[in-house]
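Presented below is the structure to which this report refers.
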Amino acid sequence: MYRFKCVTPLISLSARTWQSSAALTSRQNLIKHRRYSTKVTAEPFLNGNSSVYVEEMYKAWLENPKSVHKSWDVFFRNAENGMAPGSAFLAPSGSVSSMMTPCASSSAAQPRGAVDTKLIDDHLAVQAIVRAYQIRGHLVADLDPLEINSATIDAENEEEMRSKLLATYKYHTLYNLAEPDMNRLFQLPPTTYIAGDGHQLTLKEIIDRLENIYCRNIGVEYMFINNLEQCDWIKKRFELPNIMEMTNDEKRTLMARLIRSTRFEEFLAKKWSSEKRFGLEGCEVLIPAMKRVIDMSSALGVDSFVIGMPHRGRLNVLANVCRKPLEHIFCQFDSKLEAADEGSGDVKYHLGMSHERLNRMTNKNIRLAVVANPSHLEAVDPVVQGKTKAEQYYRGDEEGNKVMGILLHGDAAFSGQGVVYETFHLSDLPAYTTHGTVHIVVNNQIGFTTDPRCSRSSPYCTDVARVVGAPIFHVNADNPEAVMHVCKVAAEWRKDWGKDVVIDLVCYRRNGHNEIDEPMFTQPLMYKKIKQTPLLLKKYSDKLINEGVITREEYESEVAKYDKICEEAYQAARKETVLQNRLWLDSPWSGFFDHRDPMILPSTGVKEDVLQHIGKVISTEPENFTLHSGIKRILKARSEMVARREADWAVGEALAFGSLLRDGIHVRLSGQDVERGTFSHRHHVLHDQERDKVRYTALNHIDPQQREYIVCNSSLSEFAVLGFELGYSMSDPNALVCWEAQFGDFANNAQCIFDQFISSGQSKWIRQSGLVVLLPHGYEGMGPEHSSARLERYLQMSNDDPDYFPPENEHFELQQLHDANWFVLNCTTPANYFHALRRQILLPIRKPVIMMTPKSLLRHPEAKSSFDDMAEGTSFRRLIPESGAAVDNAEHVRKLLFCSGKVYYDLAKERLQKNCVDGIAIARVEQISPFPMDLVRAEILKYPNAKIAWVQEEHKNMGAWSYVRPRFETTMKRDNIEKEINYVGRWVSASTSTGNKYAHIMEHSRLLKEAFE
């Protein structure tokens, strides 16, 4: 196995100091430095470390004197009765001889009352030996099916090192134990269960049992967990005698599943030998492993499984775990078939699905959803977690007893991709936890062509899981029965503890990175070994036949049966004439589109009394609650604003959220600092100033029948948290799910989610999502990293054709929305922001929205909206035209300025100062994509003699300019308008903005001057 060598020996301690080679746990360190009040710890033969062990035995003795050896019983009784330190130990008659075979070290008689330090030291040594196996036995476990341990670092010393470790086990020279001691009986410590109900074993039996448990085909890595109960739980699942035995029926089921897993890949290889399919050869046990996890979890109450995985083995998982009809899979290999429905599709090994079937092991119906995933191997991890969390929420599954996630990983990606770490850190956060995920690593011991020695710095690819205290079960994938036990324990762990767990399937990749890749170029020795390695199916079938569990005829019959199933499905697939992309949808919304007219654009306004009620709730101080004086001022200002029937940005947002909640729509907002708001404007969660953890969220107190509002500060992550919220939005279309970046440009840490999932998800996977992404944007002299949300990137990914002007009719706006892959907005008023949020829910479709949100406008005196602009009959305005004096002077307007976002207020102020309100018209493009060509056209025609310019704060090679220019030209060509669209803004730049405040002011002054020339 590719595993880095540990430099220190497995056991490197003296029995006299009773200190394992690994660091003591935090609990033991605390105990070590306590002042002990018990008399037993004052004995001179005890030091700081061994006293920990004696103290634990003493506590056990106080509860039950029979729980310790009788020699300790006598010792504790004497100490309790007041014997002086050094004289409490009195060996009972026959105690030493009953525990020791004659040897030189014990042949001399001990004077009565003398302390037998040898006996104590030997027992402490046994305690240390047990602990060393528990802590580090996995380091020498036989995990690699290829047996190429020489592939580790410092390979020339590997065999010598292993030999030394095993010799240390055998003779225990570091513990002053010799070969004659192997047949002595030793009292076992309460920290092990290797004797079952017994309490004593010979040293030889102790070592043999520990070897079989910790150093064979399973490496149990768990002693880093700080919770002693959890460690004890794991010990019982592996140390109890015969705990891993399987019944013959279980072995036959395992055999049948291995046949399906293996023969499926062989069938694909035979029919499509030159096709990429990223098969599972070398880790065929994955299919039985996943089914074992699902069977056990189903028996424990789970009925819905959300699965995320890379491309290796995906088709096999779809076929043999989810039971996707084989003919649907085989159709994907026919490149001549065209899709009969929407979408451009994706390669077959990226596709997802959702399917409900009967679990025959439990006779319960289960739902399985495999989430579609791009080639960015671990990008799907947070998406799965978000989808799982949402399903748990909607079902009221507060403990994760009904819905769970299963994530599959490759070894190189698991250790190399940062999103893995980010996702793990969501696992125990209250607003993100899914109460445990089962992670299964398909450990090929190679990443594409990269050796583990060049792809990670940690001993194992799974070490990232240690940060959240997830137990890690390494297992040799060529021992399927060991794999089954590990999977059983993993499912039980999740159920009992609600925490993540990792199964490391140490296997190999029989082919190259894909079926047409040549691995011998880069790993010649490994692949020579692989070619000599028999198939797991052959090895295991031979084993069961030799054991008499099955006959050769039964095995061959089972193989023939599945081969026939594959062939029949193949023949059915050949008769298909089209592909059905909808059959690969991973998040179907049953009934959502059935009763909605796709061409009705509803009003997004709200009744006045509703606005007033919500406004009153969000501006009222909670009772019996100590508020910060600053919050009191904010609430008072809001109350006065509502009385004037006005809303600033924060109030407009709260009115949108509150009205949706009142209508039965669940609203979730997450991101860094969203509870307060990065710019201290939102304050949706109030904190009592005198009581810890006393919080108040006004939007959850609007109406007794309302839905819940969840607003939660996230970890300092963009990639994982945005992916999580995307997954959350996929489960139910009747929810408004929002993610807000701390600053808009921080979203570039999540660019993969935007590129591979949000912008293209519907095209590739016909998956719709109404996710709202809020990106603070605006040039205010705050430097390059706090100015631009990179608006141009999102516009570049928009799919509306710049050279096509759609037919103008009553459905123009809605047809544009239908055809778009997402909406890109840059609103200038709280009212339009209010309508944009409500439109996300009221539209008959679901599309993501990328919204540039303001910073300085949050408190701008002019950036307020009247309740009239949010009342019944009003709706979102894609373009806000000029409404001032220029409208009545249209023939004489000399310049028409189009802009978007905050710069409008700067232009309006400058126009007023220059006293040209009737000569300059300003139009605001609120929805930049899809571009409102019809409204832009109307505005251009309104001012026939005006020059036209696009004004933006951003540099010329950024912002909306590159996107809007060709669309303006297409709009004017429609009416043969021979005008140019001029650019007004900053010059080109590599950096988004200057870091010099004075330079920023000068650039802005030049921009305004040029706009009004």
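Going by the structure tokens order, chains are called A, B, ..., each with residues numbered from 1, while ligands are numbered from 1 in the order shown.
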
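Of the residues in stretch 292-327 of chain A, those given alpha helix (DSSP H) by DSSP on the backbone are Arg292, Val293, Ile294, Asp295, Met296, Ser297, Ser298, Ala299, Arg314, Leu315, Asn316, Val317, Leu318, Ala319, Asn320, Leu326 and Glu327 of chain A.
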
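Look at A:Met246: the protein and nucleic acid residues within 12 Å of it, using only C-alpha atoms and passing over chain neighbours fewer than 2 places away, are Asn242, Ile243, Met244, Asn248, Asp249, Glu250, Lys251, Arg252, Thr253, Leu254, Pro480, Glu481, Ala482, Val483, Met484, His485, Lys488 and Val549 of chain A.
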
For A:Lys847, the closest of A:Ser729, A:Gln751, A:Asn915, A:Thr247 counting only C-alpha atoms is A:Ser729

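Closest approach to A:Val442 from the set A:Asp597, A:Glu281, A:Glu608, A:Asp463 is made by A:Glu281, with distances taken over only C-alpha atoms.
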
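Relative to atom CA of A:Gly313, atom CA of A:Trp765 is found at 19.0 Å.
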
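Across the model, the gap from atom CA of A:Ser1005 to atom CA of A:Gly781 is 12.7 Å.
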
Using DSSP on the backbone coordinates, identify the residues of stretch 849-984 of chain A assigned to strand (DSSP E or B); present them as number ranges by chain.
A: 849-853, 865-866, 871, 879-880, 895-899, 920-925, 927-929, 947-955, 981-984

Can you list, as JSON, numbers by chain, every protein, DNA or RNA residue that comes within 12 Å of A:Gln445 when you count only C-alpha atoms, leaving out same-chain residues fewer than 4 positions away?
{"A": [1, 2, 3, 4, 143, 144, 145, 146, 147, 148, 149, 151, 152, 282, 283, 410, 411, 412, 413, 414, 415, 441, 449, 450, 451, 452, 453, 454, 455, 456, 460, 461, 462, 476, 477, 504, 505, 506, 507, 508, 509, 510, 523, 526, 527]}

Using only C-alpha atoms, what does the table of stretch 821-931 of chain A residues within 12 Å of stretch 963-981 of chain A look like, with each row giving the shortest atom pair and its distance in Å to one decimal, sorted by chain and ascending number, as JSON lines?
{"residue": "A:Val824", "atom": "CA", "partner": "A:Tyr963", "partner_atom": "CA", "distance": 11.5}
{"residue": "A:Lys895", "atom": "CA", "partner": "A:Ile981", "partner_atom": "CA", "distance": 11.0}
{"residue": "A:Leu896", "atom": "CA", "partner": "A:Ile981", "partner_atom": "CA", "distance": 10.0}
{"residue": "A:Leu897", "atom": "CA", "partner": "A:Ile981", "partner_atom": "CA", "distance": 9.8}
{"residue": "A:Phe898", "atom": "CA", "partner": "A:Ile981", "partner_atom": "CA", "distance": 9.7}
{"residue": "A:Cys899", "atom": "CA", "partner": "A:Val964", "partner_atom": "CA", "distance": 10.3}
{"residue": "A:Ser900", "atom": "CA", "partner": "A:Val964", "partner_atom": "CA", "distance": 11.0}
{"residue": "A:Val925", "atom": "CA", "partner": "A:Val964", "partner_atom": "CA", "distance": 10.1}
{"residue": "A:Gln927", "atom": "CA", "partner": "A:Val964", "partner_atom": "CA", "distance": 11.3}
{"residue": "A:Ile928", "atom": "CA", "partner": "A:Val964", "partner_atom": "CA", "distance": 7.9}
{"residue": "A:Ser929", "atom": "CA", "partner": "A:Tyr963", "partner_atom": "CA", "distance": 9.0}
{"residue": "A:Pro930", "atom": "CA", "partner": "A:Arg967", "partner_atom": "CA", "distance": 10.2}
{"residue": "A:Phe931", "atom": "CA", "partner": "A:Arg967", "partner_atom": "CA", "distance": 7.4}

Find the residues around A:Pro588 up to 10 Å (only C-alpha atoms counted), leave out those fewer than 3 positions away in its own chain, and share them as an mmCIF file with all heavy atoms, in the first residue's frame.
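Output (result-v7.cif):
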data_model
loop_
_atom_site.group_PDB
_atom_site.id
_atom_site.type_symbol
_atom_site.label_atom_id
_atom_site.label_comp_id
_atom_site.auth_asym_id
_atom_site.auth_seq_id
_atom_site.Cartn_x
_atom_site.Cartn_y
_atom_site.Cartn_z
ATOM 1 N N MET A 353 -29.041 10.778 -11.209
ATOM 2 C CA MET A 353 -30.372 10.178 -11.345
ATOM 3 C C MET A 353 -31.055 10.181 -9.988
ATOM 4 O O MET A 353 -30.430 10.395 -8.946
ATOM 5 C CB MET A 353 -30.279 8.742 -11.847
ATOM 6 C CG MET A 353 -29.549 7.803 -10.905
ATOM 7 S SD MET A 353 -29.986 6.073 -11.109
ATOM 8 C CE MET A 353 -31.598 6.047 -10.361
ATOM 9 N N SER A 354 -32.353 9.968 -10.015
ATOM 10 C CA SER A 354 -33.122 9.779 -8.790
ATOM 11 C C SER A 354 -34.056 8.610 -9.023
ATOM 12 O O SER A 354 -34.712 8.516 -10.070
ATOM 13 C CB SER A 354 -33.924 11.049 -8.461
ATOM 14 O OG SER A 354 -34.680 10.869 -7.293
ATOM 15 N N HIS A 355 -34.112 7.702 -8.058
ATOM 16 C CA HIS A 355 -34.846 6.458 -8.274
ATOM 17 C C HIS A 355 -35.357 5.929 -6.940
ATOM 18 O O HIS A 355 -34.673 6.041 -5.915
ATOM 19 C CB HIS A 355 -33.923 5.424 -8.935
ATOM 20 C CG HIS A 355 -34.578 4.121 -9.261
ATOM 21 N ND1 HIS A 355 -35.688 4.021 -10.076
ATOM 22 C CD2 HIS A 355 -34.283 2.848 -8.886
ATOM 23 C CE1 HIS A 355 -36.038 2.747 -10.192
ATOM 24 N NE2 HIS A 355 -35.205 2.030 -9.470
ATOM 25 N N ALA A 369 -30.605 9.040 -4.779
ATOM 26 C CA ALA A 369 -30.312 10.123 -5.716
ATOM 27 C C ALA A 369 -28.808 10.248 -5.864
ATOM 28 O O ALA A 369 -28.096 10.473 -4.876
ATOM 29 C CB ALA A 369 -30.910 11.440 -5.230
ATOM 30 N N ARG A 582 -34.380 13.692 -19.436
ATOM 31 C CA ARG A 582 -35.123 13.829 -18.180
ATOM 32 C C ARG A 582 -35.002 12.583 -17.302
ATOM 33 O O ARG A 582 -35.248 12.645 -16.099
ATOM 34 C CB ARG A 582 -36.594 14.134 -18.470
ATOM 35 C CG ARG A 582 -37.363 12.982 -19.091
ATOM 36 C CD ARG A 582 -38.833 13.312 -19.267
ATOM 37 N NE ARG A 582 -39.574 12.189 -19.798
ATOM 38 C CZ ARG A 582 -39.719 11.910 -21.075
ATOM 39 N NH1 ARG A 582 -39.115 12.680 -21.970
ATOM 40 N NH2 ARG A 582 -40.408 10.867 -21.486
ATOM 41 N N LEU A 583 -34.632 11.448 -17.918
ATOM 42 C CA LEU A 583 -34.479 10.227 -17.132
ATOM 43 C C LEU A 583 -33.245 10.273 -16.230
ATOM 44 O O LEU A 583 -33.065 9.394 -15.390
ATOM 45 C CB LEU A 583 -34.388 9.009 -18.061
ATOM 46 C CG LEU A 583 -35.613 8.740 -18.942
ATOM 47 C CD1 LEU A 583 -35.350 7.568 -19.880
ATOM 48 C CD2 LEU A 583 -36.850 8.465 -18.083
ATOM 49 N N TRP A 584 -32.402 11.293 -16.426
ATOM 50 C CA TRP A 584 -31.160 11.402 -15.649
ATOM 51 C C TRP A 584 -31.207 12.572 -14.670
ATOM 52 O O TRP A 584 -30.185 13.028 -14.180
ATOM 53 C CB TRP A 584 -29.976 11.562 -16.605
ATOM 54 C CG TRP A 584 -29.817 10.380 -17.502
ATOM 55 C CD1 TRP A 584 -30.414 10.160 -18.705
ATOM 56 C CD2 TRP A 584 -29.026 9.217 -17.237
ATOM 57 N NE1 TRP A 584 -30.036 8.954 -19.222
ATOM 58 C CE2 TRP A 584 -29.187 8.346 -18.344
ATOM 59 C CE3 TRP A 584 -28.190 8.835 -16.193
ATOM 60 C CZ2 TRP A 584 -28.550 7.112 -18.426
ATOM 61 C CZ3 TRP A 584 -27.553 7.620 -16.272
ATOM 62 C CH2 TRP A 584 -27.732 6.772 -17.374
ATOM 63 N N LEU A 585 -32.397 13.040 -14.364
ATOM 64 C CA LEU A 585 -32.554 14.167 -13.453
ATOM 65 C C LEU A 585 -32.335 13.717 -12.016
ATOM 66 O O LEU A 585 -32.973 12.769 -11.551
ATOM 67 C CB LEU A 585 -33.958 14.769 -13.616
ATOM 68 C CG LEU A 585 -34.260 16.065 -12.874
ATOM 69 C CD1 LEU A 585 -33.298 17.168 -13.289
ATOM 70 C CD2 LEU A 585 -35.702 16.496 -13.137
ATOM 71 N N GLY A 591 -44.738 17.409 -9.871
ATOM 72 C CA GLY A 591 -45.950 18.228 -9.882
ATOM 73 C C GLY A 591 -45.732 19.719 -9.906
ATOM 74 O O GLY A 591 -46.696 20.482 -10.029
ATOM 75 N N PHE A 592 -44.498 20.189 -9.819
ATOM 76 C CA PHE A 592 -44.266 21.630 -9.716
ATOM 77 C C PHE A 592 -44.732 22.377 -10.968
ATOM 78 O O PHE A 592 -45.311 23.461 -10.889
ATOM 79 C CB PHE A 592 -42.786 21.906 -9.459
ATOM 80 C CG PHE A 592 -42.435 23.368 -9.479
ATOM 81 C CD1 PHE A 592 -42.833 24.197 -8.442
ATOM 82 C CD2 PHE A 592 -41.709 23.923 -10.525
ATOM 83 C CE1 PHE A 592 -42.521 25.553 -8.452
ATOM 84 C CE2 PHE A 592 -41.393 25.268 -10.541
ATOM 85 C CZ PHE A 592 -41.794 26.085 -9.503
ATOM 86 N N MET A 730 -31.876 22.778 -4.600
ATOM 87 C CA MET A 730 -32.307 21.765 -5.569
ATOM 88 C C MET A 730 -33.457 20.902 -5.054
ATOM 89 O O MET A 730 -34.159 20.271 -5.841
ATOM 90 C CB MET A 730 -31.129 20.860 -5.929
ATOM 91 C CG MET A 730 -30.092 21.515 -6.828
ATOM 92 S SD MET A 730 -28.470 20.687 -6.752
ATOM 93 C CE MET A 730 -28.928 18.963 -6.829
ATOM 94 N N SER A 731 -33.662 20.861 -3.763
ATOM 95 C CA SER A 731 -34.620 19.911 -3.197
ATOM 96 C C SER A 731 -36.058 20.360 -3.312
ATOM 97 O O SER A 731 -36.951 19.538 -3.496
ATOM 98 C CB SER A 731 -34.292 19.645 -1.722
ATOM 99 O OG SER A 731 -33.131 18.855 -1.616
ATOM 100 N N ASP A 732 -36.319 21.647 -3.196
ATOM 101 C CA ASP A 732 -37.694 22.140 -3.205
ATOM 102 C C ASP A 732 -37.741 23.467 -3.934
ATOM 103 O O ASP A 732 -37.074 24.424 -3.519
ATOM 104 C CB ASP A 732 -38.207 22.297 -1.768
ATOM 105 C CG ASP A 732 -39.701 22.609 -1.703
ATOM 106 O OD1 ASP A 732 -40.283 22.964 -2.747
ATOM 107 O OD2 ASP A 732 -40.283 22.504 -0.611
ATOM 108 N N PRO A 733 -38.519 23.578 -5.009
ATOM 109 C CA PRO A 733 -38.579 24.840 -5.749
ATOM 110 C C PRO A 733 -39.340 25.932 -4.997
ATOM 111 O O PRO A 733 -39.247 27.103 -5.345
ATOM 112 C CB PRO A 733 -39.312 24.456 -7.038
ATOM 113 C CG PRO A 733 -40.160 23.281 -6.650
ATOM 114 C CD PRO A 733 -39.367 22.538 -5.619
ATOM 115 N N ILE A 766 -30.415 19.276 -17.135
ATOM 116 C CA ILE A 766 -31.806 19.755 -17.039
ATOM 117 C C ILE A 766 -32.235 19.956 -15.588
ATOM 118 O O ILE A 766 -33.367 19.677 -15.201
ATOM 119 C CB ILE A 766 -32.810 18.867 -17.807
ATOM 120 C CG1 ILE A 766 -32.839 17.435 -17.295
ATOM 121 C CG2 ILE A 766 -32.515 18.872 -19.291
ATOM 122 C CD1 ILE A 766 -33.973 16.621 -17.887
ATOM 123 N N ARG A 767 -31.322 20.447 -14.797
ATOM 124 C CA ARG A 767 -31.572 20.713 -13.386
ATOM 125 C C ARG A 767 -31.800 22.211 -13.194
ATOM 126 O O ARG A 767 -30.941 23.022 -13.506
ATOM 127 C CB ARG A 767 -30.381 20.263 -12.556
ATOM 128 C CG ARG A 767 -30.477 20.640 -11.074
ATOM 129 C CD ARG A 767 -29.116 20.768 -10.450
ATOM 130 N NE ARG A 767 -28.491 19.462 -10.282
ATOM 131 C CZ ARG A 767 -27.191 19.303 -10.053
ATOM 132 N NH1 ARG A 767 -26.394 20.348 -10.008
ATOM 133 N NH2 ARG A 767 -26.679 18.091 -9.889
ATOM 134 N N GLN A 768 -32.967 22.575 -12.686
ATOM 135 C CA GLN A 768 -33.265 23.970 -12.415
ATOM 136 C C GLN A 768 -32.971 24.293 -10.948
ATOM 137 O O GLN A 768 -33.047 23.435 -10.078
ATOM 138 C CB GLN A 768 -34.723 24.297 -12.741
ATOM 139 C CG GLN A 768 -35.045 24.228 -14.223
ATOM 140 C CD GLN A 768 -36.371 24.871 -14.565
ATOM 141 O OE1 GLN A 768 -36.886 25.708 -13.840
ATOM 142 N NE2 GLN A 768 -36.935 24.476 -15.692
#

Of A:Asp428, A:Asp755, A:Asp586, A:Glu690, the one nearest to A:Lys387 when counting only C-alpha atoms is A:Asp586

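Residue nearest A:Met404, chosen from A:Leu726, A:Val502, A:Val464, A:Val293 and counting only C-alpha atoms: A:Val293.
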
Name all residues at most 8 Å from A:Leu660 (count only C-alpha atoms; drop same-chain ones fewer than 6 positions away) and give them as a compact mmCIF listing (two decimals) with C-alpha atoms, in the first residue's frame.
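Okay, this is what ended up in part_3.txt:
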# COMPACT_ATOMS: atom_id res chain seq x y z
CA HIS A 666 -39.31 28.93 3.36
CA VAL A 667 -36.45 31.45 3.18
CA ARG A 838 -40.21 37.85 -4.91

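Interatomic distance, atom CA of A:Arg793 against atom CA of A:Trp739: 17.9 Å.
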
Counting only C-alpha atoms, what is within 9 Å of A:Tyr904, bar same-chain residues fewer than 5 positions away, as a PyMOL selection string?
chain A and resi 828+898-899+909+922-924+951-952

Go ahead and dump the residues you just picked, C-alpha atoms, as an mmCIF file, in the first residue's frame.
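The result, stored in selection.cif:
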data_model
loop_
_atom_site.group_PDB
_atom_site.id
_atom_site.type_symbol
_atom_site.label_atom_id
_atom_site.label_comp_id
_atom_site.auth_asym_id
_atom_site.auth_seq_id
_atom_site.Cartn_x
_atom_site.Cartn_y
_atom_site.Cartn_z
ATOM 1 C CA THR A 828 -30.614 50.688 -8.034
ATOM 2 C CA PHE A 898 -27.401 54.077 -20.012
ATOM 3 C CA CYS A 899 -25.943 52.751 -16.784
ATOM 4 C CA LYS A 909 -26.132 64.324 -8.704
ATOM 5 C CA ILE A 922 -30.400 58.664 -17.798
ATOM 6 C CA ALA A 923 -31.785 55.135 -18.095
ATOM 7 C CA ARG A 924 -30.946 52.369 -15.638
ATOM 8 C CA VAL A 951 -21.489 54.634 -18.384
ATOM 9 C CA GLN A 952 -19.864 52.314 -15.866
#

Who sits within 7 Å of stretch 361-363 of chain A, only C-alpha atoms, same chain under 4 positions skipped, as a PDB file with C-alpha atoms, in the first residue's frame:
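The result, written out as selection_0.pdb:
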ATOM      1  CA  ASP A 295     -28.817  -2.119   3.847  1.00  0.00           C
ATOM      2  CA  SER A 298     -32.188   1.151   5.908  1.00  0.00           C
ATOM      3  CA  ALA A 299     -32.531  -1.318   8.780  1.00  0.00           C
TER       4      ALA A 299
END
